[in-house]
Amino acid sequence: MTQSAVVENPLLEGLPKDRAVDPFAMVILGAHGDLTKRKLLPALYALYIDGLLPRTFAVVGMSRTVIQDDAFRNSMKEAIQKYAPDLKFEEESWNRFASCLYYRPSNFTEEGSFDELAKFLEELKDKHGTGGNHVFYMSTPPSLYEPIVTQLAKSKLVSKKNVTDKPWQRVIVEKPFGHDLASSLGLDDHLHKVLSEHQVYRIDHYLGKETVQNIMVLRFANGIFEPLWNQKHVDHVQITIAETLGVEERGPYYEESGCLRDMIQNHMLQLVSLVAMEPPASLEPEASRDEKAKVLKALRPIFPEDVDRCAVRGQYGEGYINGAKVPGYRQEDRVAPDSATETYAALKLTFDNWRWAGVPFYVRSGKRLAKSLSEIAIHFKSAPHSLFAGLTGLKAGQKGDDDQLSPNVLVLKIQPDEGISLKFATKQPGATTQIRWLNMDFNYGTAFGVRSPSAYERLIHDCLLGDASLFARTDSVETSWRFIQPLLDNWDLAKQKKGPQPRFPNYAAGSWGPAEADELIASTGHSWRRL
Ligand code: BG6
């Protein structure tokens, strides 16, 4: 093969070699699904136009549907224009990118189903100079993960490798990683039969969000926050992931999953671990993953008898979102009319360690809430002596709302208005001393004025570089399932119509969730932030 026969990416002049991605072929299994259209192809194309893909690469979409390469390319082109309107789409660069894009139909679970793929990847090695480095992206229903890995191994496309082995083979697994503790351990056993842990990349897209990555920078690149980041100075922490969206077309998936599995076990506990972990010793991928795993192990278990005291579940009824009437969860497509699946969960978490002893972490997530918004709020303790009591609108000794009791709140805004805000007390101008609370705001968009890469861009790029820092490691996944298992056991009983039934729906679409969640946080004298 001559060098000139290889299709090259011309955008790479001057890219620093240490962050350069090896040539590769990525196989997307389940390429006909929504994720490929909405996230994966837009992310790959964005990496391409930003010059972050190597000179030579290929992408192969696979699923059961029988279509030709060109039809696949056309549908991906439409998808990118539709789902990634902020990308600079140009025919010329698209055509170059599309010449590296292929499609192969396949029934993944059949014996020998990947033998053809193995031959095709050999061809691509010559035609596109992929170097034989392969990444397999599982974008299929989770029930197919195990059979796919088995077949990939049988066709000799994956086997256990050492970290430094070349060519490399990596597998990206989409959440959910199992349905509960037992099935997640089973999945990991299966993966580890044919792959080493360093070859498995478990995607939690929250970890790819710019503002989530910024938590580490904020905490460990600045000297002023870390001394305050502990039980001496922090009163409590509130983390909210709120969505106005309902379950859309995902009724059958969501009926099986519910909010605890869909958001809390993964995204929420990953955020909790980033906020609560100790400083890692280095930027080596394993260093921060070690710390995240360690702090999750320090979460105080919620025993079956504590479930009602530490956790609240909710399900939305009909209501209004942005002025438009929307149906309740039980009226959604392919949802049982008496469903006991939770669309909202709020938990009180506590750590048994020195840094966080006695500091409650309140977390909540739900669908069809009043706003789409994700944030982490660190509520600091009040000044030890309230010199200005009475000048704050409160009389000395009088209790106000939570904001007035603990004026200093550091908010890490994850979405939609990414930024950081610090609330503090100040003197209102005038001849008398009156206290006002103000926010010192930093906004990502206005400060940097550049497009933030999508979470998938960052994560796919990291996987291609062999950097697993932002992917969930097996021990963290196990610990988080272990932690929520008693809740699942309790709440699943109701779903199976075995235990007492929750009084669902218990919040209206467009509200801030069930009243029980307010009681949960009020039990320690706090209240949810008004967002
Ligand atoms: C996914 C959940 O993991 O995260 C969805 O399955 C949820 O139910 C989504 O809507 C939220 O992600 P984001 O990035 O929109 O906050």
# chains A, B, ... in the order shown; residues from 1 in each chain; ligands from 1

$ residues_near_ligand --ligand "ligand 1" --cutoff "9 Å" --atoms "only C-alpha atoms and all ligand atoms" --output "VMD selection string"
chain A and resid 175 to 176 204 to 206 209 241 to 243 245 to 247 250 254 258 to 259 261 to 263 266 to 267 367 372 to 374 414 to 415 455

$ select_by_dssp --residues "range 298-507 of chain A" --states "alpha helix (DSSP H)" --output "JSON, numbers by chain"
{"A": [307, 308, 309, 310, 402, 403, 404, 405, 444, 445, 446, 447, 448, 455, 456, 457, 458, 459, 460, 461, 462, 463, 464, 465, 474, 475, 476, 477, 478, 479, 480, 481, 482, 483, 484, 485, 486, 487, 488, 489, 490, 491, 492, 493, 494, 495]}

$ atom_distance --atom1 "CA of Glu90 in chain A" --atom2 "CA of Ile49 in chain A"
9.3 Å

$ closest_residue --among "A:His179, A:Arg473, A:Ala276, A:Leu488" --to "Glu226 in chain A" --atoms "only C-alpha atoms"
A:Ala276

$ residues_around --residues "range 67-74 of chain A" --least-positions-apart "2" --cutoff "9 Å" --atoms "only C-alpha atoms" --output "MDAnalysis selection string"
chainID A and resid 32 61 65 76:79 98:99 101:105

$ atom_distance --atom1 "CA of Thr426 in chain A" --atom2 "CA of Lys381 in chain A"
16.7 Å

$ closest_residue --among "A:Gly419, A:Ala431, A:Arg170, A:Phe220" --to "Ala281 in chain A" --atoms "only C-alpha atoms"
A:Phe220

$ residues_around --residues "Val295 in chain A" --least-positions-apart "5" --cutoff "10 Å" --atoms "only C-alpha atoms" --output "PyMOL selection string"
chain A and resi 272-278+290+351-353+476+479

$ residues_around --residues "Pro252 in chain A" --least-positions-apart "6" --cutoff "10 Å" --atoms "only C-alpha atoms" --output "ChimeraX atom specification"
/A:333-336

$ atom_distance --atom1 "CA of Glu174 in chain A" --atom2 "CA of Lys495 in chain A"
24.9 Å

$ select_by_dssp --residues "range 219-374 of chain A" --states "strand (DSSP E)" --output "NGL selection string"
:A and (234-242 or 311-314 or 316-317 or 319-321 or 324-326 or 344-349 or 361-366 or 373-374)

$ residues_around --residues "range 138-150 of chain A" --least-positions-apart "6" --cutoff "6 Å" --atoms "only C-alpha atoms" --output "MDAnalysis selection string"
chainID A and resid 29:30 108:109 172:173

$ write_last_selection --atoms "all heavy atoms" --output "compact mmCIF listing (two decimals), in the first residue's frame"
# COMPACT_ATOMS: atom_id res chain seq x y z
N LEU A 29 -21.78 0.10 17.54
CA LEU A 29 -22.77 -0.97 17.52
C LEU A 29 -24.11 -0.40 17.97
O LEU A 29 -24.19 0.16 19.07
CB LEU A 29 -22.30 -2.09 18.45
CG LEU A 29 -20.94 -2.63 18.00
CD1 LEU A 29 -20.06 -2.97 19.18
CD2 LEU A 29 -21.12 -3.82 17.11
N GLY A 30 -25.09 -0.46 17.11
CA GLY A 30 -26.38 0.17 17.42
C GLY A 30 -26.43 1.53 16.74
O GLY A 30 -26.99 2.49 17.27
N PHE A 108 -25.93 -8.84 15.82
CA PHE A 108 -24.78 -8.97 16.72
C PHE A 108 -24.70 -10.29 17.47
O PHE A 108 -23.63 -10.72 17.85
CB PHE A 108 -24.81 -7.88 17.78
CG PHE A 108 -24.95 -6.50 17.21
CD1 PHE A 108 -25.81 -5.58 17.80
CD2 PHE A 108 -24.20 -6.11 16.12
CE1 PHE A 108 -25.93 -4.31 17.28
CE2 PHE A 108 -24.30 -4.84 15.61
CZ PHE A 108 -25.18 -3.94 16.19
N THR A 109 -25.86 -10.88 17.75
CA THR A 109 -25.83 -12.01 18.69
C THR A 109 -25.58 -13.36 18.00
O THR A 109 -25.36 -14.35 18.67
CB THR A 109 -27.16 -12.08 19.46
OG1 THR A 109 -28.22 -11.99 18.52
CG2 THR A 109 -27.27 -10.94 20.45
N ILE A 172 -16.30 0.88 24.64
CA ILE A 172 -17.03 1.90 25.39
C ILE A 172 -18.42 1.35 25.70
O ILE A 172 -19.12 0.86 24.81
CB ILE A 172 -17.18 3.21 24.59
CG1 ILE A 172 -15.81 3.74 24.16
CG2 ILE A 172 -17.94 4.25 25.39
CD1 ILE A 172 -15.84 5.08 23.43
N VAL A 173 -18.78 1.42 26.98
CA VAL A 173 -20.08 0.89 27.40
C VAL A 173 -20.94 2.06 27.87
O VAL A 173 -20.51 2.88 28.68
CB VAL A 173 -19.91 -0.11 28.57
CG1 VAL A 173 -21.23 -0.77 28.90
CG2 VAL A 173 -18.87 -1.16 28.24

$ closest_residue --among "A:Leu187, A:Tyr45, A:Tyr507, A:Phe114" --to "Asn95 in chain A" --atoms "only C-alpha atoms"
A:Tyr45

$ closest_residue --among "A:Lys119, A:Ala389, A:Leu41, A:Gly314" --to "Trp512 in chain A" --atoms "only C-alpha atoms"
A:Gly314

$ closest_residue --among "A:Pro167, A:Pro23, A:Pro407, A:Gly358" --to "His236 in chain A" --atoms "only C-alpha atoms"
A:Gly358
